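Here is the structure we will look at, set down as C-alpha coordinates.
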Amino acid sequence: MADDMSRKIEKNDSEWREKLTPEQYAVTREAGTERAFTGPWVNEHRDGTYKCVCCGAPLFRSETKYESGSGWPSFYEPIDKGSVEEHADDSHNMRRTEVVCATCDAHLGHVFPDGPRPTGLRYCMNGTALDFKPDDASGD
(Lines give C-alpha, C1' and ligand atoms only; values in the text may rest on other atoms or scores of the structure.)
Protein backbone atom coordinates (compact mmCIF):
# COMPACT_ATOMS: atom_id res chain seq x y z
CA MET A 1 0.00 0.00 0.00
CA ALA A 2 2.77 2.46 0.84
CA ASP A 3 4.11 2.12 -2.70
CA ASP A 4 0.72 3.14 -4.12
CA MET A 5 0.70 6.29 -1.99
CA SER A 6 4.18 7.35 -3.14
CA ARG A 7 3.47 7.10 -6.88
CA LYS A 8 3.29 10.30 -8.86
CA ILE A 9 -0.01 11.19 -10.47
CA GLU A 10 0.66 11.76 -14.14
CA LYS A 11 -1.81 13.07 -16.68
CA ASN A 12 -1.29 14.33 -20.17
CA ASP A 13 -1.84 17.95 -21.11
CA SER A 14 -5.40 17.47 -22.34
CA GLU A 15 -6.39 15.61 -19.16
CA TRP A 16 -5.11 18.48 -16.99
CA ARG A 17 -6.86 21.05 -19.21
CA GLU A 18 -10.12 19.12 -18.88
CA LYS A 19 -9.88 18.97 -15.09
CA LEU A 20 -8.70 22.54 -14.37
CA THR A 21 -9.96 26.04 -15.12
CA PRO A 22 -7.73 28.03 -17.52
CA GLU A 23 -6.30 30.01 -14.58
CA GLN A 24 -5.63 26.88 -12.51
CA TYR A 25 -3.94 25.30 -15.51
CA ALA A 26 -1.76 28.36 -16.16
CA VAL A 27 -0.63 28.49 -12.52
CA THR A 28 -0.18 24.79 -11.73
CA ARG A 29 0.93 23.28 -15.04
CA GLU A 30 2.74 26.28 -16.59
CA ALA A 31 4.27 27.74 -13.38
CA GLY A 32 2.22 30.91 -13.61
CA THR A 33 1.40 33.34 -10.81
CA GLU A 34 -1.91 34.94 -9.98
CA ARG A 35 -1.87 38.68 -9.30
CA ALA A 36 -1.43 39.59 -5.64
CA PHE A 37 -4.65 39.87 -3.62
CA THR A 38 -6.77 38.35 -6.44
CA GLY A 39 -6.68 34.63 -5.66
CA PRO A 40 -8.83 32.65 -3.28
CA TRP A 41 -7.87 31.95 0.34
CA VAL A 42 -5.85 35.12 1.08
CA ASN A 43 -8.53 36.16 3.58
CA GLU A 44 -9.62 32.66 4.63
CA HIS A 45 -9.57 32.29 8.43
CA ARG A 46 -11.48 29.06 9.09
CA ASP A 47 -9.78 25.96 10.44
CA GLY A 48 -9.12 23.39 7.75
CA THR A 49 -6.78 21.82 5.25
CA TYR A 50 -5.42 23.35 2.06
CA LYS A 51 -5.14 20.74 -0.70
CA CYS A 52 -3.66 20.61 -4.17
CA VAL A 53 -6.29 21.74 -6.70
CA CYS A 54 -4.92 19.23 -9.21
CA CYS A 55 -4.80 15.99 -7.21
CA GLY A 56 -6.38 16.71 -3.81
CA ALA A 57 -3.26 15.91 -1.78
CA PRO A 58 -3.22 17.66 1.62
CA LEU A 59 -0.53 20.35 1.64
CA PHE A 60 -1.00 22.87 4.47
CA ARG A 61 -3.04 23.26 7.66
CA SER A 62 -4.75 26.48 8.68
CA GLU A 63 -2.77 26.54 11.95
CA THR A 64 0.37 27.32 9.93
CA LYS A 65 -1.23 30.06 7.80
CA TYR A 66 -0.41 33.65 8.66
CA GLU A 67 -0.90 37.16 7.32
CA SER A 68 2.29 37.96 5.41
CA GLY A 69 0.94 41.03 3.62
CA SER A 70 2.27 39.61 0.34
CA GLY A 71 -1.14 39.14 -1.30
CA TRP A 72 -0.88 35.36 -1.44
CA PRO A 73 -1.80 32.72 1.14
CA SER A 74 1.31 32.19 3.28
CA PHE A 75 2.23 29.30 5.55
CA TYR A 76 5.26 28.65 7.74
CA GLU A 77 5.37 24.89 7.07
CA PRO A 78 3.70 22.19 4.98
CA ILE A 79 1.36 19.62 6.53
CA ASP A 80 4.10 17.00 6.13
CA LYS A 81 7.70 17.23 4.93
CA GLY A 82 6.89 14.88 2.06
CA SER A 83 3.80 16.75 0.83
CA VAL A 84 5.77 19.30 -1.18
CA GLU A 85 9.04 19.33 -3.08
CA GLU A 86 11.37 22.28 -3.56
CA HIS A 87 13.41 23.11 -6.66
CA ALA A 88 15.81 25.90 -7.56
CA ASP A 89 14.11 28.52 -9.75
CA ASP A 90 16.35 31.04 -11.52
CA SER A 91 13.62 32.41 -13.82
CA HIS A 92 12.83 36.12 -14.16
CA ASN A 93 16.43 37.05 -13.26
CA MET A 94 15.82 36.01 -9.65
CA ARG A 95 17.05 33.17 -7.47
CA ARG A 96 14.06 31.58 -5.74
CA THR A 97 12.95 28.20 -4.48
CA GLU A 98 9.89 26.82 -6.28
CA VAL A 99 7.42 24.67 -4.33
CA VAL A 100 5.52 21.90 -6.13
CA CYS A 101 3.05 19.25 -5.01
CA ALA A 102 4.98 16.06 -4.28
CA THR A 103 2.09 13.96 -5.61
CA CYS A 104 1.48 15.54 -9.04
CA ASP A 105 4.24 18.15 -9.57
CA ALA A 106 1.76 21.05 -9.67
CA HIS A 107 3.46 24.44 -9.31
CA LEU A 108 2.22 25.93 -6.03
CA GLY A 109 4.42 28.97 -5.47
CA HIS A 110 7.75 29.71 -3.78
CA VAL A 111 9.30 29.49 -0.32
CA PHE A 112 11.32 32.33 1.19
CA PRO A 113 13.49 32.53 4.33
CA ASP A 114 11.61 35.52 5.80
CA GLY A 115 8.74 33.83 7.62
CA PRO A 116 7.75 33.71 11.28
CA ARG A 117 8.81 31.31 14.00
CA PRO A 118 9.07 28.43 14.48
CA THR A 119 10.48 27.75 10.98
CA GLY A 120 11.43 31.19 9.66
CA LEU A 121 9.96 30.17 6.30
CA ARG A 122 7.25 31.75 4.17
CA TYR A 123 5.55 29.32 1.81
CA CYS A 124 3.99 31.90 -0.50
CA MET A 125 1.37 29.90 -2.41
CA ASN A 126 -0.91 30.74 -5.30
CA GLY A 127 -4.46 30.45 -3.99
CA THR A 128 -5.50 29.24 -7.43
CA ALA A 129 -3.30 26.16 -6.89
CA LEU A 130 -5.09 25.30 -3.64
CA ASP A 131 -8.45 23.97 -2.61
CA PHE A 132 -9.70 24.44 0.94
CA LYS A 133 -11.55 21.89 3.04
CA PRO A 134 -12.89 23.42 6.28
CA ASP A 135 -12.77 21.19 9.35
CA ASP A 136 -16.49 21.66 9.89
CA ALA A 137 -17.41 20.50 6.37
CA SER A 138 -19.46 17.36 6.11
CA GLY A 139 -18.41 14.61 3.75
CA ASP A 140 -14.89 13.56 2.93
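By convention in this document, the chains of the C-alpha coordinates carry letters A, B, ... by their order, each chain's residues are numbered from 1, and ligands are numbered from 1 in the order they are shown.
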
Could you find all residues in stretch 4-138 of chain A that DSSP calls strand (DSSP E or B) from the backbone, and write them as a ChimeraX atom specification? /A:48-52,58-61,65-66,74-75,84-89,96-101,107-112,122-125,130-134

Find the residues around A:Val100 up to 9 Å (only C-alpha atoms counted), leave out those fewer than 6 positions away in its own chain, and share them as a list in words. Thr28, Ser83, Val84, Glu85, Glu86, His87, Ala106, His107, Leu108, Gly109 and His110 of chain A

Which of stretch 12-126 of chain A fall in helix (DSSP H, G or I), as a short mmCIF file (atom, residue, chain, number, x, y, z; two decimals) with N, CA and C atoms, in the first residue's frame:
data_model
loop_
_atom_site.label_atom_id
_atom_site.label_comp_id
_atom_site.auth_asym_id
_atom_site.auth_seq_id
_atom_site.Cartn_x
_atom_site.Cartn_y
_atom_site.Cartn_z
N ASP A 13 -1.42 16.55 -21.06
CA ASP A 13 -1.84 17.95 -21.11
C ASP A 13 -3.35 18.11 -21.26
N SER A 14 -3.96 17.32 -22.13
CA SER A 14 -5.40 17.47 -22.34
C SER A 14 -6.20 17.03 -21.11
N GLU A 15 -5.70 16.04 -20.38
CA GLU A 15 -6.39 15.61 -19.16
C GLU A 15 -6.35 16.71 -18.10
N TRP A 16 -5.19 17.37 -17.96
CA TRP A 16 -5.11 18.48 -16.99
C TRP A 16 -6.01 19.63 -17.43
N ARG A 17 -6.02 19.95 -18.72
CA ARG A 17 -6.86 21.05 -19.21
C ARG A 17 -8.35 20.77 -18.98
N GLU A 18 -8.72 19.51 -19.09
CA GLU A 18 -10.12 19.12 -18.88
C GLU A 18 -10.52 19.26 -17.41
N LYS A 19 -9.60 18.96 -16.52
CA LYS A 19 -9.88 18.97 -15.09
C LYS A 19 -9.84 20.38 -14.49
N PRO A 22 -8.90 27.47 -16.82
CA PRO A 22 -7.73 28.03 -17.52
C PRO A 22 -6.73 28.68 -16.55
N GLU A 23 -7.21 29.38 -15.54
CA GLU A 23 -6.30 30.01 -14.58
C GLU A 23 -5.57 28.97 -13.73
N GLN A 24 -6.28 27.94 -13.28
CA GLN A 24 -5.63 26.88 -12.51
C GLN A 24 -4.58 26.18 -13.36
N TYR A 25 -4.89 25.94 -14.62
CA TYR A 25 -3.94 25.30 -15.51
C TYR A 25 -2.69 26.16 -15.68
N ALA A 26 -2.89 27.45 -15.94
CA ALA A 26 -1.76 28.36 -16.16
C ALA A 26 -0.84 28.41 -14.93
N VAL A 27 -1.43 28.42 -13.74
CA VAL A 27 -0.63 28.49 -12.52
C VAL A 27 0.05 27.15 -12.23
N THR A 28 -0.72 26.07 -12.20
CA THR A 28 -0.18 24.79 -11.73
C THR A 28 0.62 24.01 -12.76
N SER A 62 -4.43 25.09 8.35
CA SER A 62 -4.75 26.48 8.68
C SER A 62 -3.94 26.99 9.88
N GLU A 63 -3.54 26.11 10.78
CA GLU A 63 -2.77 26.54 11.95
C GLU A 63 -1.41 27.12 11.57
N THR A 64 -0.93 26.80 10.36
CA THR A 64 0.37 27.32 9.93
C THR A 64 0.24 28.50 8.97
N SER A 91 14.35 31.67 -12.78
CA SER A 91 13.62 32.41 -13.82
C SER A 91 13.44 33.88 -13.41
N HIS A 92 13.12 34.69 -14.36
CA HIS A 92 12.83 36.12 -14.16
C HIS A 92 14.00 36.86 -13.50
N ASN A 93 15.22 36.42 -13.81
CA ASN A 93 16.43 37.05 -13.26
C ASN A 93 16.44 37.10 -11.74
#

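Closest approach to A:Ser70 from the set A:Thr97, A:Thr103, A:Asn126, A:Thr119 is made by A:Asn126, with distances taken over only C-alpha atoms.
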
Please compute the atom CA of A:Lys133-atom CA of A:Gly48 distance, one decimal, in Å. 5.5 Å

So which one's closest to A:Arg46, A:Tyr66, A:Gly71, A:Gly32, A:Phe112? Using only C-alpha atoms, please. A:Tyr66

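Among the candidate residues A:Trp72, A:Asp114, A:Lys11, A:Glu77, the one lying nearest to A:Glu44 is A:Trp72, with distances computed using only C-alpha atoms.
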
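With distances taken over only C-alpha atoms, A:Leu59 is the one residue among A:Leu59, A:Ala102, A:Ala36, A:Met94 lying closest to A:Tyr123.
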
If I take atom CA of A:Asp90 and atom CA of A:Pro58, how far is one from the other in Å, to one decimal? 27.1 Å

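Between atom CA of A:Gly120 and atom CA of A:Tyr76 lies a distance of 6.9 Å.
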